[in-house]
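Note sheet for the following structure.
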Amino acid sequence: MKSDYLKIITNAFPQELTSDVSEIFKIIPLETKFEFDLISSDSYEVNINGEELKIPVRIYFNEPKEQNEKLLTEKQKDILNCLYTRHHNGYVREERLKKLSDKPKNWKTPFIVQLLGEYIYELFPIIDKKVNEETLEFYQEFKNKNPKYWQQTESRIASYWNEYYRYKFPKLKDYLGIEIINRIKKTNAQQRL
């Protein structure tokens, strides 16, 4: 499968980013202590601007050397950070989410939405800042183009709240993940009026 890694990663981003994805792939360390494939065979499929993207559920690459990352353009750094939001280590996912620039781009949306559907509450305050007036339209469009995936994400948020956070937030509506989802849905509903 190692020969397919570049193709798998390229398929996670719009075609217009192919050359940038190739550049970031050059700095990804392919050696690891793991004896299995460094990209899970599971992926989620989403639609961005009419393109079907297949984003890996998890990656197991080590992080690139910092000096190599410094050579990337801002766009390439964002691509790399999006990719590493799929890392098997939750701390890496959190740090990479923090490193994503605030430059609004719709291809970042599925990576951030996927993190909404995970059990790590510490991601929500970071996501909350990234779902803002400049980016809200991307999330609304994503919701409309990917209704099944969106519904699964909402269900996961409610499920993880029930399992891990209900004691801290007795009302689901007060749980930050739901607040973010509802903000996107509310704005979307207002636009249809």
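In the structure tokens, the first chain shown is A, the next is B, and so on; residue numbers restart at 1 for each chain, and ligands run from 1 in the order shown.
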Practice item. Apply DSSP to the structure's backbone, then extract all residues of chain A labelled alpha helix (DSSP H) and return them as an MDAnalysis selection string. Key: chainID A and resid 5:10 18:25 66:69 74:84 90:99 109:116 123:130 136:145 147:160 176:192
**Study point:** All residues 10 Å or closer to Lys173 (chain A), only C-alpha atoms, same chain fewer than 4 positions away omitted, as a VMD selection string
**Key:** chain A and resid 158 169 177 to 179 182
Practice item. Mind giving me the straight-line distance from CA of Leu83 (chain A) to CA of Asn162 (chain A) in Å, one decimal? Key: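 Between CA of Leu83 (chain A) and CA of Asn162 (chain A) the gap is 28.5 Å.
The space between CA of Lys108 (chain A) and CA of Cys82 (chain A) spans 6.6 Å.
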Exercise for review: Would you mind listing what lies within 8 Å of Ser40 (chain A) as a PyMOL selection string, with only C-alpha atoms counted and same-chain residues fewer than 6 positions away left out?
Suggested key: chain A and resi 56-59
Take the residues from that selection and write them out as a PDB file, in the first residue's frame, keeping C-alpha atoms.
```
ATOM      1  CA  PRO A  56      -8.573   8.888   5.357  1.00  0.00           C
ATOM      2  CA  VAL A  57     -10.072   8.266   8.784  1.00  0.00           C
ATOM      3  CA  ARG A  58      -6.592   7.924  10.350  1.00  0.00           C
ATOM      4  CA  ILE A  59      -2.968   8.356   9.392  1.00  0.00           C
TER       5      ILE A  59
END
```
Exercise for review: Enumerate, as a VMD selection string, the complete set of residues in chain A that a backbone-based DSSP assignment places in strand (DSSP E or B).
Suggested key: chain A and resid 39 43 to 48 51 to 56 59 87
Could you save the residues just selected, with all heavy atoms, as a compact mmCIF listing (two decimals), in the first residue's frame?
```
# COMPACT_ATOMS: atom_id res chain seq x y z
N ILE A 39 -1.73 4.53 6.51
CA ILE A 39 -3.01 5.19 6.26
C ILE A 39 -4.08 4.13 6.40
O ILE A 39 -4.00 3.07 5.79
CB ILE A 39 -3.07 5.82 4.85
CG1 ILE A 39 -1.98 6.87 4.66
CG2 ILE A 39 -4.45 6.44 4.61
CD1 ILE A 39 -1.95 7.50 3.28
N SER A 43 -12.12 5.42 4.96
CA SER A 43 -12.12 6.83 4.58
C SER A 43 -13.56 7.32 4.63
O SER A 43 -14.49 6.54 4.72
CB SER A 43 -11.53 7.01 3.18
OG SER A 43 -12.33 6.34 2.23
N TYR A 44 -13.70 8.62 4.59
CA TYR A 44 -15.04 9.18 4.45
C TYR A 44 -15.06 10.01 3.17
O TYR A 44 -14.09 10.67 2.82
CB TYR A 44 -15.47 9.98 5.68
CG TYR A 44 -14.59 11.12 6.12
CD1 TYR A 44 -14.88 12.43 5.76
CD2 TYR A 44 -13.47 10.91 6.92
CE1 TYR A 44 -14.09 13.48 6.16
CE2 TYR A 44 -12.67 11.96 7.35
CZ TYR A 44 -12.99 13.24 6.95
OH TYR A 44 -12.20 14.29 7.37
N GLU A 45 -16.18 9.90 2.47
CA GLU A 45 -16.32 10.57 1.18
C GLU A 45 -17.20 11.80 1.34
O GLU A 45 -18.27 11.73 1.96
CB GLU A 45 -16.92 9.62 0.16
CG GLU A 45 -16.00 8.46 -0.15
CD GLU A 45 -16.53 7.51 -1.20
OE1 GLU A 45 -17.37 7.94 -2.02
OE2 GLU A 45 -16.09 6.35 -1.20
N VAL A 46 -16.71 12.91 0.81
CA VAL A 46 -17.44 14.16 0.88
C VAL A 46 -17.37 14.86 -0.47
O VAL A 46 -16.51 14.57 -1.28
CB VAL A 46 -16.89 15.08 2.00
CG1 VAL A 46 -17.11 14.47 3.38
CG2 VAL A 46 -15.42 15.39 1.78
N ASN A 47 -18.28 15.81 -0.66
CA ASN A 47 -18.33 16.58 -1.88
C ASN A 47 -17.94 18.02 -1.58
O ASN A 47 -18.53 18.67 -0.71
CB ASN A 47 -19.75 16.53 -2.44
CG ASN A 47 -19.86 17.25 -3.76
OD1 ASN A 47 -19.63 18.44 -3.85
ND2 ASN A 47 -20.23 16.51 -4.79
N ILE A 48 -16.94 18.52 -2.30
CA ILE A 48 -16.52 19.91 -2.20
C ILE A 48 -16.48 20.46 -3.62
O ILE A 48 -15.75 19.93 -4.48
CB ILE A 48 -15.12 20.06 -1.55
CG1 ILE A 48 -15.13 19.57 -0.10
CG2 ILE A 48 -14.63 21.51 -1.62
CD1 ILE A 48 -15.91 20.43 0.87
N GLU A 51 -16.58 18.05 -6.48
CA GLU A 51 -15.56 17.00 -6.49
C GLU A 51 -15.78 16.05 -5.32
O GLU A 51 -16.02 16.49 -4.20
CB GLU A 51 -14.15 17.60 -6.34
CG GLU A 51 -13.57 18.17 -7.59
CD GLU A 51 -12.12 18.57 -7.38
OE1 GLU A 51 -11.25 17.68 -7.25
OE2 GLU A 51 -11.86 19.78 -7.36
N GLU A 52 -15.66 14.76 -5.61
CA GLU A 52 -15.76 13.76 -4.55
C GLU A 52 -14.36 13.55 -3.96
O GLU A 52 -13.43 13.18 -4.68
CB GLU A 52 -16.29 12.43 -5.09
CG GLU A 52 -17.73 12.50 -5.56
CD GLU A 52 -18.73 12.83 -4.46
OE1 GLU A 52 -18.56 12.34 -3.32
OE2 GLU A 52 -19.67 13.59 -4.73
N LEU A 53 -14.24 13.80 -2.67
CA LEU A 53 -12.96 13.61 -1.97
C LEU A 53 -13.08 12.41 -1.05
O LEU A 53 -14.14 12.18 -0.47
CB LEU A 53 -12.61 14.86 -1.16
CG LEU A 53 -12.61 16.20 -1.90
CD1 LEU A 53 -12.24 17.33 -0.95
CD2 LEU A 53 -11.68 16.17 -3.10
N LYS A 54 -12.00 11.66 -0.93
CA LYS A 54 -11.94 10.52 -0.01
C LYS A 54 -10.85 10.81 1.02
O LYS A 54 -9.67 10.80 0.69
CB LYS A 54 -11.61 9.23 -0.77
CG LYS A 54 -12.78 8.66 -1.55
CD LYS A 54 -12.40 7.38 -2.24
CE LYS A 54 -12.31 6.27 -1.21
NZ LYS A 54 -12.19 4.94 -1.82
N ILE A 55 -11.29 11.10 2.23
CA ILE A 55 -10.36 11.52 3.28
C ILE A 55 -10.12 10.36 4.23
O ILE A 55 -11.07 9.77 4.74
CB ILE A 55 -10.91 12.75 4.02
CG1 ILE A 55 -11.11 13.90 3.02
CG2 ILE A 55 -9.99 13.16 5.16
CD1 ILE A 55 -11.77 15.14 3.57
N PRO A 56 -8.86 10.01 4.46
CA PRO A 56 -8.57 8.89 5.36
C PRO A 56 -9.08 9.16 6.78
O PRO A 56 -8.99 10.30 7.26
CB PRO A 56 -7.04 8.79 5.37
CG PRO A 56 -6.55 9.70 4.31
CD PRO A 56 -7.65 10.64 3.95
N ILE A 59 -4.31 8.54 9.94
CA ILE A 59 -2.97 8.36 9.39
C ILE A 59 -2.02 8.05 10.55
O ILE A 59 -2.29 8.43 11.69
CB ILE A 59 -2.48 9.59 8.59
CG1 ILE A 59 -2.36 10.82 9.50
CG2 ILE A 59 -3.37 9.86 7.39
CD1 ILE A 59 -1.61 11.97 8.88
N HIS A 87 -4.52 12.37 12.19
CA HIS A 87 -3.49 11.59 12.88
C HIS A 87 -4.11 10.75 13.99
O HIS A 87 -5.11 11.13 14.59
CB HIS A 87 -2.42 12.54 13.46
CG HIS A 87 -1.15 11.86 13.80
ND1 HIS A 87 -0.90 11.34 15.05
CD2 HIS A 87 -0.05 11.61 13.05
CE1 HIS A 87 0.30 10.79 15.06
NE2 HIS A 87 0.84 10.94 13.85
```
Review point. Leaving out Leu123 (chain A) and any residue of its chain fewer than 6 positions from it, which residues lie within 8 Å of it when counting only C-alpha atoms, given as a PyMOL selection string?
Key: chain A and resi 94+97+115-116
Go ahead and save the picked residues with N, CA and C atoms, as a PDB file, in the first residue's frame.
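Output file out-v9.pdb is given in full below:
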```pdb
ATOM      1  N   GLU A  94      -5.064  18.015  17.675  1.00  0.00           N
ATOM      2  CA  GLU A  94      -5.342  19.309  18.301  1.00  0.00           C
ATOM      3  C   GLU A  94      -4.316  20.371  17.884  1.00  0.00           C
ATOM      4  N   LEU A  97      -4.802  21.377  14.235  1.00  0.00           N
ATOM      5  CA  LEU A  97      -5.985  22.223  14.100  1.00  0.00           C
ATOM      6  C   LEU A  97      -5.643  23.657  14.499  1.00  0.00           C
ATOM      7  N   LEU A 115     -13.566  16.637  12.849  1.00  0.00           N
ATOM      8  CA  LEU A 115     -13.133  16.797  14.240  1.00  0.00           C
ATOM      9  C   LEU A 115     -14.307  17.124  15.159  1.00  0.00           C
ATOM     10  N   LEU A 116     -15.349  17.762  14.619  1.00  0.00           N
ATOM     11  CA  LEU A 116     -16.554  18.010  15.419  1.00  0.00           C
ATOM     12  C   LEU A 116     -17.196  16.700  15.868  1.00  0.00           C
TER      13      LEU A 116
END
```
Review point. Quick one: residues within 9 Å of Leu17 (chain A), only C-alpha atoms counted, chain neighbours fewer than 5 positions away excluded, as a PyMOL selection string?
Key: chain A and resi 10+22+76+79
File dump, residues just selected, all heavy atoms, as a PDB file, in the first residue's frame:
```pdb
ATOM      1  N   THR A  10      -3.637  12.570  -2.190  1.00  0.00           N
ATOM      2  CA  THR A  10      -4.078  13.471  -3.260  1.00  0.00           C
ATOM      3  C   THR A  10      -5.597  13.445  -3.390  1.00  0.00           C
ATOM      4  O   THR A  10      -6.227  14.486  -3.597  1.00  0.00           O
ATOM      5  CB  THR A  10      -3.417  13.075  -4.602  1.00  0.00           C
ATOM      6  OG1 THR A  10      -1.987  13.167  -4.449  1.00  0.00           O
ATOM      7  CG2 THR A  10      -3.848  13.989  -5.730  1.00  0.00           C
ATOM      8  N   SER A  22       1.686  17.120  -3.657  1.00  0.00           N
ATOM      9  CA  SER A  22       2.941  16.436  -4.008  1.00  0.00           C
ATOM     10  C   SER A  22       4.124  17.022  -3.246  1.00  0.00           C
ATOM     11  O   SER A  22       5.018  16.293  -2.818  1.00  0.00           O
ATOM     12  CB  SER A  22       3.202  16.534  -5.510  1.00  0.00           C
ATOM     13  OG  SER A  22       2.219  15.823  -6.218  1.00  0.00           O
ATOM     14  N   GLN A  76       0.482  25.182   1.457  1.00  0.00           N
ATOM     15  CA  GLN A  76       1.007  23.833   1.681  1.00  0.00           C
ATOM     16  C   GLN A  76       1.015  23.483   3.161  1.00  0.00           C
ATOM     17  O   GLN A  76       0.719  22.338   3.539  1.00  0.00           O
ATOM     18  CB  GLN A  76       2.409  23.720   1.085  1.00  0.00           C
ATOM     19  CG  GLN A  76       2.405  23.762  -0.430  1.00  0.00           C
ATOM     20  CD  GLN A  76       3.775  23.993  -1.039  1.00  0.00           C
ATOM     21  OE1 GLN A  76       4.744  24.318  -0.357  1.00  0.00           O
ATOM     22  NE2 GLN A  76       3.863  23.831  -2.365  1.00  0.00           N
ATOM     23  N   ILE A  79      -2.485  22.496   3.981  1.00  0.00           N
ATOM     24  CA  ILE A  79      -2.761  21.137   3.485  1.00  0.00           C
ATOM     25  C   ILE A  79      -2.158  20.112   4.442  1.00  0.00           C
ATOM     26  O   ILE A  79      -2.818  19.150   4.839  1.00  0.00           O
ATOM     27  CB  ILE A  79      -2.210  20.950   2.056  1.00  0.00           C
ATOM     28  CG1 ILE A  79      -2.982  21.826   1.063  1.00  0.00           C
ATOM     29  CG2 ILE A  79      -2.256  19.484   1.629  1.00  0.00           C
ATOM     30  CD1 ILE A  79      -2.336  21.938  -0.310  1.00  0.00           C
TER      31      ILE A  79
END
```
Practice item. Could you please determine the separation between CA of Phe25 (chain A) and CA of Ile120 (chain A) in Å, to one decimal place? Key: 27.2 Å
Exercise for review: Find, counting only C-alpha atoms, the residue in A:Asn68, A:Gln151, A:Gln15, A:Asn81 that gets nearest to Ile27 (chain A).
Suggested key: A:Asn68
Point to revise | Nearest-residue call for Ile127 (chain A), choices A:Lys7, A:Leu176, A:Lys145, A:Tyr167, using only C-alpha atoms | key: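 Smallest distance to Ile127 (chain A) is found for A:Leu176.
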Exercise for review: Go through A:Lys130, A:Arg156, A:Lys26, A:Lys77 one by one, measure the shortest atom-to-atom distance of each to Ile180 (chain A) using only C-alpha atoms, and give the residue with the smallest value.
Suggested key: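 Of A:Lys130, A:Arg156, A:Lys26, A:Lys77, the one nearest Ile180 (chain A), counting only C-alpha atoms, is A:Lys130.
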